[in-house]
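Have a look at entry.tsv below; it lists TSV, C-alpha atoms and all ligand atoms.
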chain	number	residue	atom	x	y	z
J	29	MET	CA	-14.65	-13.00	-21.27
J	30	LYS	CA	-14.63	-9.21	-21.56
J	31	THR	CA	-13.84	-6.81	-18.73
J	32	ARG	CA	-13.60	-3.03	-18.49
J	33	ALA	CA	-10.22	-2.03	-17.16
J	34	ALA	CA	-7.75	0.86	-16.86
J	35	VAL	CA	-4.75	0.14	-19.10
J	36	LEU	CA	-1.39	1.91	-19.05
J	37	TRP	CA	-0.03	1.72	-22.61
J	38	ASP	CA	3.05	3.87	-22.11
J	39	ARG	CA	4.89	5.72	-19.32
J	40	ASN	CA	3.50	9.08	-18.25
J	41	GLN	CA	0.26	8.52	-20.19
J	42	PRO	CA	-3.24	8.67	-18.69
J	43	TRP	CA	-4.94	5.39	-17.78
J	44	SER	CA	-7.00	4.26	-20.79
J	45	VAL	CA	-10.34	2.78	-19.78
J	46	GLU	CA	-11.44	0.18	-22.32
J	47	GLU	CA	-13.00	-3.21	-22.73
J	48	ILE	CA	-10.33	-5.92	-22.88
J	49	ASP	CA	-10.16	-9.73	-23.00
J	50	LEU	CA	-9.67	-11.88	-19.92
J	51	ASP	CA	-8.78	-15.60	-20.09
J	52	PRO	CA	-10.35	-18.09	-17.66
J	53	PRO	CA	-8.36	-19.05	-14.55
J	54	LYS	CA	-5.69	-21.72	-15.02
J	55	ALA	CA	-4.80	-24.29	-12.35
J	56	GLY	CA	-4.24	-22.60	-8.99
J	57	GLU	CA	-5.93	-19.40	-10.16
J	58	VAL	CA	-9.15	-17.65	-9.27
J	59	LEU	CA	-11.49	-15.36	-11.19
J	60	VAL	CA	-12.51	-12.46	-8.94
J	61	LYS	CA	-15.31	-9.94	-9.51
J	62	LEU	CA	-13.81	-6.73	-8.11
J	63	ILE	CA	-16.20	-4.40	-6.28
J	64	HIS	CA	-13.87	-1.65	-5.01
J	65	THR	CA	-10.25	-0.67	-5.50
J	66	GLY	CA	-8.10	1.91	-3.74
J	67	MET	CA	-5.78	4.27	-5.55
J	68	CYS	CA	-2.35	3.67	-4.00
J	69	HIS	CA	0.60	5.84	-4.98
J	70	SER	CA	2.50	2.73	-6.14
J	71	ASP	CA	0.38	2.46	-9.33
J	72	ASP	CA	1.52	5.98	-10.10
J	73	HIS	CA	5.14	4.78	-9.68
J	74	ALA	CA	4.32	2.40	-12.56
J	75	VAL	CA	3.01	5.35	-14.60
J	76	THR	CA	6.21	7.38	-14.10
J	77	GLY	CA	8.49	4.35	-14.45
J	78	ASP	CA	9.92	4.72	-10.91
J	79	MET	CA	8.73	1.11	-10.72
J	80	PRO	CA	9.72	-0.51	-14.02
J	81	THR	CA	6.69	-2.71	-14.67
J	82	ILE	CA	6.08	-4.49	-17.99
J	83	LEU	CA	3.79	-2.51	-20.34
J	84	PRO	CA	1.06	-2.43	-21.39
J	85	MET	CA	-0.45	-3.23	-18.04
J	86	VAL	CA	-3.71	-2.98	-16.11
J	87	GLY	CA	-3.02	-1.25	-12.79
J	88	GLY	CA	-4.42	-1.67	-9.30
J	89	HIS	CA	-3.28	-3.83	-6.41
J	90	GLU	CA	-5.50	-2.66	-3.51
J	91	GLY	CA	-8.98	-4.11	-3.94
J	92	ALA	CA	-11.73	-6.36	-2.66
J	93	GLY	CA	-14.23	-8.56	-4.41
J	94	ILE	CA	-16.11	-11.82	-4.70
J	95	VAL	CA	-14.85	-15.13	-6.08
J	96	GLU	CA	-16.62	-15.87	-9.37
J	97	GLU	CA	-14.87	-19.08	-10.46
J	98	VAL	CA	-11.94	-21.19	-9.31
J	99	GLY	CA	-9.38	-22.98	-11.48
J	100	GLU	CA	-8.29	-26.60	-11.20
J	101	GLY	CA	-6.88	-27.61	-7.81
J	102	VAL	CA	-8.11	-24.56	-5.86
J	103	THR	CA	-9.62	-25.90	-2.63
J	104	ALA	CA	-9.35	-23.00	-0.14
J	105	LEU	CA	-11.82	-20.78	-2.01
J	106	LYS	CA	-15.18	-21.22	-3.70
J	107	PRO	CA	-17.53	-19.02	-5.75
J	108	GLY	CA	-19.24	-16.44	-3.54
J	109	ASP	CA	-16.36	-16.07	-1.07
J	110	HIS	CA	-15.40	-12.48	-0.26
J	111	VAL	CA	-11.69	-11.89	-0.77
J	112	VAL	CA	-8.93	-9.33	-0.39
J	113	PRO	CA	-5.96	-9.78	-2.72
J	114	MET	CA	-2.49	-9.18	-1.26
J	115	PHE	CA	0.06	-7.52	-3.55
J	116	ILE	CA	2.58	-10.09	-2.31
J	117	PRO	CA	1.25	-13.65	-2.16
J	118	ALA	CA	1.80	-16.08	0.72
J	119	CYS	CA	2.54	-19.54	-0.70
J	120	GLY	CA	3.00	-21.12	2.73
J	121	GLN	CA	5.83	-23.30	1.39
J	122	CYS	CA	8.92	-21.16	0.87
J	123	ARG	CA	11.60	-20.36	3.43
J	124	TRP	CA	10.15	-16.92	4.11
J	125	CYS	CA	6.58	-18.10	4.61
J	126	ALA	CA	7.90	-20.86	6.89
J	127	GLN	CA	9.67	-18.18	8.94
J	128	GLY	CA	6.44	-16.22	9.38
J	129	ARG	CA	7.62	-13.54	6.95
J	130	SER	CA	5.19	-14.07	4.09
J	131	ASN	CA	5.66	-10.47	2.89
J	132	LEU	CA	8.95	-11.77	1.47
J	133	CYS	CA	7.35	-14.88	-0.15
J	134	ASP	CA	9.42	-16.25	-3.06
J	135	VAL	CA	6.29	-16.60	-5.22
J	136	GLY	CA	5.97	-12.81	-4.94
J	137	GLY	CA	9.15	-12.48	-6.97
J	138	THR	CA	7.34	-13.78	-10.06
J	139	LEU	CA	3.85	-12.38	-9.48
J	140	MET	CA	5.19	-8.87	-8.79
J	141	MET	CA	6.59	-8.92	-12.36
J	142	GLY	CA	2.94	-8.84	-13.46
J	143	ILE	CA	2.82	-12.36	-14.89
J	144	GLY	CA	1.41	-15.69	-13.71
J	145	LEU	CA	3.59	-18.50	-12.37
J	146	ASP	CA	3.64	-20.07	-15.85
J	147	GLY	CA	5.19	-16.88	-17.24
J	148	THR	CA	2.08	-15.79	-19.16
J	149	THR	CA	-0.67	-13.22	-18.66
J	150	ARG	CA	-4.47	-13.65	-18.77
J	151	LEU	CA	-5.19	-10.20	-20.26
J	152	HIS	CA	-5.16	-9.17	-23.91
J	153	ALA	CA	-6.15	-6.03	-25.82
J	154	ARG	CA	-5.68	-4.54	-29.29
J	155	GLY	CA	-4.21	-7.88	-30.44
J	156	GLN	CA	-1.45	-8.09	-27.83
J	157	ASP	CA	-0.76	-9.38	-24.33
J	158	VAL	CA	-1.48	-7.01	-21.45
J	159	PHE	CA	0.43	-7.45	-18.18
J	160	THR	CA	-0.71	-6.75	-14.64
J	161	MET	CA	0.14	-4.98	-11.40
J	162	CYS	CA	1.41	-7.79	-9.13
J	163	PHE	CA	-0.74	-10.34	-11.06
J	164	LEU	CA	-3.79	-8.67	-9.47
J	165	SER	CA	-4.91	-5.69	-11.61
J	166	THR	CA	-7.77	-4.44	-9.52
J	167	PHE	CA	-8.43	-1.48	-11.85
J	168	SER	CA	-10.76	-3.89	-13.65
J	169	GLN	CA	-14.26	-5.26	-13.16
J	170	TYR	CA	-12.86	-8.82	-13.23
J	171	ALA	CA	-9.38	-10.24	-12.75
J	172	VAL	CA	-7.67	-13.63	-12.61
J	173	MET	CA	-5.36	-13.95	-9.62
J	174	ASN	CA	-3.20	-16.64	-8.07
J	175	GLU	CA	-4.82	-18.41	-5.10
J	176	HIS	CA	-1.77	-17.59	-2.96
J	177	SER	CA	-2.58	-13.87	-3.35
J	178	LEU	CA	-6.09	-14.15	-1.90
J	179	VAL	CA	-7.29	-13.88	1.69
J	180	LYS	CA	-10.86	-14.91	2.45
J	181	ILE	CA	-12.66	-12.37	4.64
J	182	PRO	CA	-15.99	-12.44	6.51
J	183	ASP	CA	-19.06	-11.62	4.37
J	184	ASP	CA	-20.20	-8.82	6.70
J	185	ILE	CA	-17.18	-6.55	6.14
J	186	PRO	CA	-17.97	-3.73	3.68
J	187	LEU	CA	-15.83	-4.34	0.63
J	188	ASP	CA	-14.76	-0.70	0.27
J	189	ALA	CA	-13.20	-0.71	3.73
J	190	ALA	CA	-11.76	-4.17	3.10
J	191	ALA	CA	-10.09	-3.01	-0.13
J	192	LEU	CA	-7.81	-0.67	1.81
J	193	VAL	CA	-6.16	-3.49	3.76
J	194	GLY	CA	-4.98	-5.06	0.48
J	195	CYS	CA	-2.10	-2.59	0.51
J	196	GLY	CA	-2.10	0.83	2.15
J	197	VAL	CA	-3.53	0.01	5.57
J	198	THR	CA	-1.56	-3.19	6.14
J	199	THR	CA	1.59	-1.46	4.90
J	200	GLY	CA	1.18	1.64	7.08
J	201	TYR	CA	-0.03	-0.16	10.20
J	202	GLY	CA	2.72	-2.77	9.83
J	203	SER	CA	5.35	-0.07	9.28
J	204	ALA	CA	4.54	1.18	12.79
J	205	VAL	CA	3.73	-2.09	14.57
J	206	ASN	CA	5.99	-4.66	12.87
J	207	THR	CA	8.93	-2.65	11.54
J	208	ALA	CA	9.23	0.39	13.83
J	209	LYS	CA	8.00	-1.93	16.63
J	210	VAL	CA	6.36	1.01	18.42
J	211	GLN	CA	6.07	0.50	22.20
J	212	PRO	CA	3.61	2.02	24.68
J	213	GLY	CA	4.62	5.54	25.71
J	214	GLU	CA	6.86	6.24	22.75
J	215	THR	CA	7.01	9.31	20.52
J	216	VAL	CA	6.55	8.50	16.82
J	217	VAL	CA	6.81	10.73	13.76
J	218	VAL	CA	4.99	9.88	10.52
J	219	VAL	CA	6.23	11.83	7.49
J	220	GLY	CA	3.63	11.94	4.66
J	221	ILE	CA	-0.09	11.48	5.36
J	222	GLY	CA	-1.58	9.59	2.43
J	223	GLY	CA	-3.29	6.24	2.79
J	224	VAL	CA	-0.09	4.61	4.01
J	225	GLY	CA	0.81	7.41	6.44
J	226	ALA	CA	-2.73	7.65	7.87
J	227	ALA	CA	-2.55	3.92	8.60
J	228	ALA	CA	0.92	4.33	10.16
J	229	VAL	CA	-0.52	6.98	12.50
J	230	GLN	CA	-3.25	4.51	13.47
J	231	GLY	CA	-0.75	1.69	13.96
J	232	ALA	CA	1.29	3.91	16.29
J	233	ARG	CA	-1.87	4.83	18.22
J	234	ILE	CA	-3.01	1.21	18.56
J	235	ALA	CA	0.53	0.19	19.66
J	236	GLY	CA	0.26	2.72	22.50
J	237	ALA	CA	2.43	5.63	21.35
J	238	GLU	CA	2.08	8.58	23.72
J	239	GLN	CA	2.88	11.27	21.14
J	240	ILE	CA	2.35	10.99	17.39
J	241	LEU	CA	3.66	13.81	15.23
J	242	ALA	CA	2.25	13.87	11.68
J	243	VAL	CA	4.26	15.76	9.06
J	244	ASP	CA	2.75	16.88	5.75
J	245	PRO	CA	2.96	20.15	3.80
J	246	VAL	CA	-0.80	19.99	3.08
J	247	GLU	CA	-3.00	21.49	5.82
J	248	PHE	CA	-5.93	19.14	5.06
J	249	LYS	CA	-3.64	16.14	5.61
J	250	ARG	CA	-2.44	17.51	8.95
J	251	ASP	CA	-6.06	18.04	10.06
J	252	GLN	CA	-7.01	14.53	8.96
J	253	ALA	CA	-4.01	13.05	10.79
J	254	LYS	CA	-5.49	14.31	14.07
J	255	THR	CA	-8.66	12.29	13.38
J	256	PHE	CA	-6.52	9.17	13.05
J	257	GLY	CA	-4.61	9.78	16.29
J	258	ALA	CA	-1.88	12.36	15.71
J	259	THR	CA	-1.26	14.47	18.83
J	260	HIS	CA	0.91	17.04	17.02
J	261	THR	CA	1.46	18.15	13.43
J	262	ALA	CA	4.16	19.95	11.45
J	263	ALA	CA	4.38	21.17	7.86
J	264	SER	CA	7.97	20.01	7.28
J	265	VAL	CA	10.68	17.79	8.73
J	266	ALA	CA	12.61	20.94	9.74
J	267	ASP	CA	9.58	22.20	11.72
J	268	ALA	CA	9.16	18.72	13.23
J	269	VAL	CA	12.76	18.78	14.52
J	270	GLU	CA	12.10	22.06	16.34
J	271	LEU	CA	8.79	20.80	17.77
J	272	LEU	CA	10.34	17.53	19.02
J	273	LYS	CA	12.98	19.50	20.93
J	274	GLU	CA	10.07	21.03	22.89
J	275	ILE	CA	7.74	18.07	23.34
J	276	THR	CA	10.16	15.21	24.15
J	277	PRO	CA	11.75	14.91	27.62
J	278	GLY	CA	15.00	16.88	27.63
J	279	GLY	CA	14.58	17.41	23.88
J	280	MET	CA	15.79	13.86	23.28
J	281	MET	CA	13.75	13.54	20.02
J	282	ALA	CA	11.44	10.74	18.80
J	283	ASP	CA	11.81	7.00	19.32
J	284	ALA	CA	10.81	6.22	15.75
J	285	ALA	CA	10.13	7.98	12.43
J	286	ILE	CA	8.21	6.45	9.52
J	287	TYR	CA	8.75	7.79	5.99
J	288	THR	CA	5.53	7.50	3.96
J	289	VAL	CA	5.79	10.36	1.42
J	290	GLY	CA	4.72	9.81	-2.21
J	291	ILE	CA	8.26	9.46	-3.61
J	292	ALA	CA	11.22	8.57	-1.35
J	293	ARG	CA	14.35	10.69	-1.92
J	294	GLY	CA	17.86	9.77	-0.77
J	295	ASP	CA	18.64	13.38	0.16
J	296	GLU	CA	15.79	13.40	2.70
J	297	ILE	CA	17.22	10.56	4.82
J	298	ALA	CA	19.58	12.78	6.87
J	299	GLY	CA	16.57	14.87	7.91
J	300	LEU	CA	14.65	11.76	8.93
J	301	MET	CA	17.59	10.46	10.96
J	302	SER	CA	17.66	13.81	12.79
J	303	LEU	CA	14.08	13.25	14.00
J	304	VAL	CA	15.03	10.30	16.23
J	305	SER	CA	16.93	10.01	19.49
J	306	LYS	CA	19.93	7.86	20.31
J	307	GLY	CA	18.92	4.27	19.56
J	308	GLY	CA	16.03	5.56	17.40
J	309	ARG	CA	14.52	3.74	14.42
J	310	VAL	CA	13.81	5.24	10.99
J	311	VAL	CA	11.54	3.19	8.73
J	312	VAL	CA	11.48	3.75	4.96
J	313	THR	CA	8.12	2.65	3.57
J	314	ALA	CA	7.92	5.08	0.63
J	315	VAL	CA	9.24	3.87	-2.73
J	316	SER	CA	12.01	5.77	-4.52
J	317	PRO	CA	12.75	5.71	-8.26
J	318	MET	CA	14.52	2.35	-8.82
J	319	GLU	CA	17.62	3.87	-10.42
J	320	ASP	CA	18.32	6.20	-7.46
J	321	THR	CA	21.27	4.87	-5.46
J	322	GLN	CA	22.53	7.87	-3.48
J	323	VAL	CA	21.56	8.44	0.15
J	324	THR	CA	22.82	11.33	2.26
J	325	MET	CA	23.21	10.73	5.98
J	326	SER	CA	25.87	10.70	8.69
J	327	LEU	CA	27.33	7.20	9.06
J	328	PHE	CA	29.20	8.54	12.10
J	329	GLU	CA	25.91	9.36	13.84
J	330	LEU	CA	24.42	6.02	12.75
J	331	THR	CA	27.18	4.25	14.66
J	332	ILE	CA	27.86	6.57	17.58
J	333	TRP	CA	24.17	7.17	18.34
J	334	GLN	CA	23.24	3.60	17.44
J	335	LYS	CA	20.43	4.65	15.14
J	336	GLU	CA	18.72	2.21	12.79
J	337	LEU	CA	17.47	2.66	9.22
J	338	ARG	CA	14.95	-0.06	8.27
J	339	GLY	CA	13.16	-0.83	5.01
J	340	THR	CA	9.71	-2.40	5.03
J	341	LEU	CA	7.64	-4.23	2.40
J	342	PHE	CA	3.88	-4.66	2.91
J	343	GLY	CA	4.44	-3.57	6.51
J	344	ALA	CA	6.47	-6.75	7.17
J	345	ALA	CA	3.05	-8.36	7.55
J	346	ASN	CA	1.94	-11.96	7.37
J	347	GLY	CA	-1.17	-11.07	5.42
J	348	ARG	CA	-3.14	-14.20	6.25
J	349	LYS	CA	-2.83	-13.33	9.92
J	350	GLU	CA	-2.69	-9.54	9.74
J	351	ILE	CA	-5.59	-8.86	7.34
J	352	PRO	CA	-8.21	-10.67	9.49
J	353	THR	CA	-6.73	-8.98	12.59
J	354	LEU	CA	-6.98	-5.53	11.01
J	355	LEU	CA	-10.57	-6.19	9.95
J	356	ARG	CA	-11.44	-7.18	13.53
J	357	LEU	CA	-9.84	-3.96	14.78
J	358	TYR	CA	-12.05	-2.16	12.22
J	359	GLN	CA	-15.18	-3.93	13.46
J	360	SER	CA	-14.37	-3.09	17.08
J	361	GLY	CA	-13.90	0.57	16.15
J	362	GLN	CA	-10.16	0.81	16.83
J	363	LEU	CA	-9.03	0.97	13.20
J	364	MET	CA	-10.74	3.71	11.19
J	365	LEU	CA	-11.13	2.63	7.57
J	366	ASP	CA	-14.34	4.39	6.40
J	367	GLU	CA	-12.82	7.71	7.47
J	368	MET	CA	-9.80	7.07	5.22
J	369	ILE	CA	-11.95	7.11	2.07
J	370	THR	CA	-12.01	10.80	1.13
J	371	ASN	CA	-13.51	10.65	-2.37
J	372	ARG	CA	-15.03	8.03	-4.65
J	373	TYR	CA	-14.47	7.60	-8.37
J	374	THR	CA	-15.45	5.27	-11.21
J	375	LEU	CA	-13.05	3.65	-13.68
J	376	ASP	CA	-13.99	6.45	-16.08
J	377	THR	CA	-12.80	9.11	-13.61
J	378	ILE	CA	-9.60	7.32	-12.55
J	379	ASN	CA	-7.34	10.01	-14.03
J	380	GLU	CA	-9.20	12.67	-12.06
J	381	GLY	CA	-8.62	10.50	-8.96
J	382	TYR	CA	-4.88	10.42	-9.51
J	383	LYS	CA	-4.85	14.17	-10.19
J	384	ASP	CA	-6.55	14.56	-6.79
J	385	MET	CA	-3.95	12.30	-5.15
J	386	HIS	CA	-1.16	14.53	-6.47
J	387	ALA	CA	-3.03	17.65	-5.35
J	388	GLY	CA	-3.24	16.31	-1.78
J	389	VAL	CA	-7.04	16.13	-1.85
J	390	ASN	CA	-7.34	12.51	-0.68
J	391	ILE	CA	-6.26	10.37	2.21
J	392	ARG	CA	-7.43	7.57	-0.10
J	393	GLY	CA	-9.49	7.76	-3.26
J	394	VAL	CA	-11.55	4.64	-3.91
J	395	ILE	CA	-12.94	3.46	-7.24
J	396	ASP	CA	-16.37	1.83	-7.20
J	397	LEU	CA	-16.27	-0.74	-10.00
J	398	ASP	CA	-19.54	-0.48	-11.79
J	399	HIS	CA	-21.23	-3.78	-12.63
J	400	GLY	CA	-24.56	-2.14	-13.45
F	1	LIG	N1	6.80	-0.45	1.16
F	1	LIG	C1	5.64	-0.88	0.72
F	1	LIG	O1	5.32	-2.07	0.79
F	1	LIG	C2	4.67	0.09	0.13
F	1	LIG	C3	3.32	-0.27	-0.02
F	1	LIG	C4	2.41	0.69	-0.47
F	1	LIG	C5	2.84	1.96	-0.80
F	1	LIG	N2	4.15	2.24	-0.69
F	1	LIG	C6	4.68	3.58	-0.98
F	1	LIG	O2	4.36	4.41	0.12
F	1	LIG	C7	4.34	5.76	-0.33
F	1	LIG	C8	3.06	6.44	0.15
F	1	LIG	O3	1.95	5.92	-0.56
F	1	LIG	P1	0.51	6.64	-0.48
F	1	LIG	O4	-0.38	5.87	-1.38
F	1	LIG	O5	0.14	6.86	0.93
F	1	LIG	O6	0.88	8.06	-1.17
F	1	LIG	P2	0.07	9.45	-1.21
F	1	LIG	O7	0.56	10.16	-2.42
F	1	LIG	O8	-1.39	9.20	-1.06
F	1	LIG	O9	0.54	10.22	0.11
F	1	LIG	C9	1.82	10.80	0.23
F	1	LIG	C10	1.74	11.99	1.19
F	1	LIG	O10	3.06	12.50	1.39
F	1	LIG	C11	2.98	13.91	1.45
F	1	LIG	N3	4.32	14.44	1.18
F	1	LIG	C12	4.95	14.56	-0.03
F	1	LIG	N4	6.19	15.05	0.15
F	1	LIG	C13	6.36	15.23	1.49
F	1	LIG	C14	7.42	15.70	2.30
F	1	LIG	N5	8.60	16.05	1.77
F	1	LIG	N6	7.24	15.75	3.65
F	1	LIG	C15	6.08	15.38	4.21
F	1	LIG	N7	5.02	14.91	3.48
F	1	LIG	C16	5.18	14.84	2.14
F	1	LIG	C17	1.92	14.27	0.45
F	1	LIG	O11	1.38	15.58	0.71
F	1	LIG	C18	0.90	13.16	0.68
F	1	LIG	O12	-0.03	13.54	1.68
F	1	LIG	C19	4.48	5.70	-1.86
F	1	LIG	O13	5.86	5.87	-2.18
F	1	LIG	C20	4.06	4.28	-2.17
F	1	LIG	O14	4.60	3.83	-3.39
F	1	LIG	C21	5.07	1.34	-0.23
F	2	ZN	ZN	0.02	-0.04	-2.70
F	3	ZN	ZN	6.04	-18.22	0.26
Represent the structure contained in this file as structure tokens.
Amino acid sequence: MKTRAAVLWDRNQPWSVEEIDLDPPKAGEVLVKLIHTGMCHSDDHAVTGDMPTILPMVGGHEGAGIVEEVGEGVTALKPGDHVVPMFIPACGQCRWCAQGRSNLCDVGGTLMMGIGLDGTTRLHARGQDVFTMCFLSTFSQYAVMNEHSLVKIPDDIPLDAAALVGCGVTTGYGSAVNTAKVQPGETVVVVGIGGVGAAAVQGARIAGAEQILAVDPVEFKRDQAKTFGATHTAASVADAVELLKEITPGGMMADAAIYTVGIARGDEIAGLMSLVSKGGRVVVTAVSPMEDTQVTMSLFELTIWQKELRGTLFGAANGRKEIPTLLRLYQSGQLMLDEMITNRYTLDTINEGYKDMHAGVNIRGVIDLDHG
């Protein structure tokens, strides 16, 4: 079949919106009609090459849609089901899934390369194969995905809100709740208020943090952070250090800091470590360019003050459990998803959407996939 999709033909090029060919689902795969997709910063890491994906590719890994057709052997889903794709699948069989750590699922190792489990892709254009973002490619009206990537959700959840939990919300919330393990009464700093950071602020609030300090150079982001639960804001990590000396008992600093800027930098880690107290936790959620290997920080302080530096992937979430939980928190009014959608775009205005992301205009930009 044909589908309209946003293709990245080369690094640092605009997304090219064109009609391309999509194969039917193979065994264990599902054809999904996408309705909405969020614009996560990670697709931009594919554009710049910070994330070395195979090109050409169709981007997008944060979406929601409706099952159109299932391939041979798929029993958990049927046409008409509403689904959220996860950018890391949960096979339920591997060591990591068995441990309750499906964000590290072995099947994710293959799918995150942008190819199916048989090593081939379902997309083709201009006479060649086109690869995918995490074997999802939600910047498309239709996509074929692996059944392990899909979580069925209730029909009454708006699909634009649901799209956000496919990546940014689960990642940010989980960074606070699962990785920073925020406890009631704690002081938490979130550095970088995009979709991921806004969800980290909410995770810290829902976990019972007493003080939440949101750091972002953009005034609009700092204002928005207050809507999501921030009690304090600062324009830089240096300003946050000074503020924490005033607002924490005895100037002991924060219990946890979560790093959710657009591009992680090794030379910013020392500053993050200085935000937390003795025994404090620093969580790195933001993605750095893959070739960067240098990090600046005091190993002496890491040991003597017993600080911790933790990485997190997909918020260390078990998506099949966490996504339905997050959607219930949304329905009960505790998790604000509608408020995270700042502006809406179409596939044709996707490049404008990413320009807006870089300009700090959006908490999250969402693309409405036009089927009209
Ligand atoms: N670990 C994971 O599983 C995972 C999942 C999704 C996204 N990510 C990564 O998380 C990061 C955030 O994604 P996003 O979509 O929210 O990005 P975004 O671009 O929407 O938001 C980033 C925010 O950081 C702010 N910022 C930039 N530099 C800053 C600095 N030095 N100090 C404070 N704030 C700063 C920007 O103003 C912006 O508001 C990206 O690196 C993305 O690739 C990781
Ligand atoms: Zn993402
Ligand atoms: Zn698995």
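Among the candidate residues J:Asp134, J:Glu46, J:Glu57, J:Asp244, the one lying nearest to ligand LIG 1 (chain F) is J:Asp244, with distances computed using only C-alpha atoms and all ligand atoms.
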Legend entry - Polymer residues at most 7 Å from Val35 (chain J), all atoms listed in the file, same-chain spacing of 6 or more positions, as a ChimeraX atom specification: /J:43-45,84-87
Atoms to include: C-alpha atoms. Write the selected residues as a short mmCIF file (atom, residue, chain, number, x, y, z; two decimals), in the coordinates of the input.
data_model
loop_
_atom_site.label_atom_id
_atom_site.label_comp_id
_atom_site.auth_asym_id
_atom_site.auth_seq_id
_atom_site.Cartn_x
_atom_site.Cartn_y
_atom_site.Cartn_z
CA TRP J 43 -4.94 5.39 -17.78
CA SER J 44 -7.00 4.26 -20.79
CA VAL J 45 -10.34 2.78 -19.78
CA PRO J 84 1.06 -2.43 -21.39
CA MET J 85 -0.45 -3.23 -18.04
CA VAL J 86 -3.71 -2.98 -16.11
CA GLY J 87 -3.02 -1.25 -12.79
#
Inset, instruction - Considering only C-alpha atoms, return as a ChimeraX atom specification whatever protein or nucleic-acid residues lie within 7 Å of region 262-265 of chain J, sequence-local ones (same chain, fewer than 5 positions apart) excluded. - result: /J:242-245,299
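Considering the residues J:Gly128, J:Cys133, J:Glu319, J:Leu59 and counting all atoms listed in the file, ligand ZN 3 (chain F) has its shortest atom-to-atom contact with J:Cys133.
When the distance limit is 10 Å and only C-alpha atoms are what count, the residues near Val218 (chain J), minus those fewer than 6 positions from it on the same chain, are Gly200, Ala204, Val224, Gly225, Ala226, Ala227, Ala228, Val229, Ala232, Ile240, Leu241, Ala242, Val243, Asp244, Ala253, Ala258, Thr261, Val265, Ala284, Ala285, Ile286, Tyr287, Thr288, Val289, Leu300, Val310 and Val311 of chain J.
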For C-alpha atoms, I'd like the residues from the last selection saved as an mmCIF file, in the coordinates of the input.
data_model
loop_
_atom_site.group_PDB
_atom_site.id
_atom_site.type_symbol
_atom_site.label_atom_id
_atom_site.label_comp_id
_atom_site.auth_asym_id
_atom_site.auth_seq_id
_atom_site.Cartn_x
_atom_site.Cartn_y
_atom_site.Cartn_z
ATOM 1 C CA GLY J 200 1.180 1.640 7.080
ATOM 2 C CA ALA J 204 4.540 1.180 12.790
ATOM 3 C CA VAL J 224 -0.090 4.610 4.010
ATOM 4 C CA GLY J 225 0.810 7.410 6.440
ATOM 5 C CA ALA J 226 -2.730 7.650 7.870
ATOM 6 C CA ALA J 227 -2.550 3.920 8.600
ATOM 7 C CA ALA J 228 0.920 4.330 10.160
ATOM 8 C CA VAL J 229 -0.520 6.980 12.500
ATOM 9 C CA ALA J 232 1.290 3.910 16.290
ATOM 10 C CA ILE J 240 2.350 10.990 17.390
ATOM 11 C CA LEU J 241 3.660 13.810 15.230
ATOM 12 C CA ALA J 242 2.250 13.870 11.680
ATOM 13 C CA VAL J 243 4.260 15.760 9.060
ATOM 14 C CA ASP J 244 2.750 16.880 5.750
ATOM 15 C CA ALA J 253 -4.010 13.050 10.790
ATOM 16 C CA ALA J 258 -1.880 12.360 15.710
ATOM 17 C CA THR J 261 1.460 18.150 13.430
ATOM 18 C CA VAL J 265 10.680 17.790 8.730
ATOM 19 C CA ALA J 284 10.810 6.220 15.750
ATOM 20 C CA ALA J 285 10.130 7.980 12.430
ATOM 21 C CA ILE J 286 8.210 6.450 9.520
ATOM 22 C CA TYR J 287 8.750 7.790 5.990
ATOM 23 C CA THR J 288 5.530 7.500 3.960
ATOM 24 C CA VAL J 289 5.790 10.360 1.420
ATOM 25 C CA LEU J 300 14.650 11.760 8.930
ATOM 26 C CA VAL J 310 13.810 5.240 10.990
ATOM 27 C CA VAL J 311 11.540 3.190 8.730
#
List all protein, DNA and RNA residues that have any atom at most 8 Å from ligand ZN 3 (chain F), counting all atoms listed in the file, and write the list as a PDB file with C-alpha atoms, keeping the file's coordinate frame.
ATOM      1  CA  PRO J 117       1.250 -13.650  -2.160  1.00  0.00           C
ATOM      2  CA  ALA J 118       1.800 -16.080   0.720  1.00  0.00           C
ATOM      3  CA  CYS J 119       2.540 -19.540  -0.700  1.00  0.00           C
ATOM      4  CA  GLY J 120       3.000 -21.120   2.730  1.00  0.00           C
ATOM      5  CA  GLN J 121       5.830 -23.300   1.390  1.00  0.00           C
ATOM      6  CA  CYS J 122       8.920 -21.160   0.870  1.00  0.00           C
ATOM      7  CA  ARG J 123      11.600 -20.360   3.430  1.00  0.00           C
ATOM      8  CA  TRP J 124      10.150 -16.920   4.110  1.00  0.00           C
ATOM      9  CA  CYS J 125       6.580 -18.100   4.610  1.00  0.00           C
ATOM     10  CA  ALA J 126       7.900 -20.860   6.890  1.00  0.00           C
ATOM     11  CA  SER J 130       5.190 -14.070   4.090  1.00  0.00           C
ATOM     12  CA  LEU J 132       8.950 -11.770   1.470  1.00  0.00           C
ATOM     13  CA  CYS J 133       7.350 -14.880  -0.150  1.00  0.00           C
ATOM     14  CA  ASP J 134       9.420 -16.250  -3.060  1.00  0.00           C
ATOM     15  CA  VAL J 135       6.290 -16.600  -5.220  1.00  0.00           C
ATOM     16  CA  GLY J 136       5.970 -12.810  -4.940  1.00  0.00           C
TER      17      GLY J 136
END
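Minimum atom-to-atom distances from J:Leu62, J:Met301, J:Val315, J:Val179 to ligand LIG 1 (chain F) were compared using all atoms listed in the file, and the lowest value belongs to J:Val315.
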Inset, instruction - Write out as a PyMOL selection string each polymer residue whose atoms come within 9 Å of His64 (chain J), counting all atoms listed in the file; drop sequence neighbours fewer than 2 positions from it. - result: chain J and resi 62+66+90-93+166-167+169+187-191+394-398
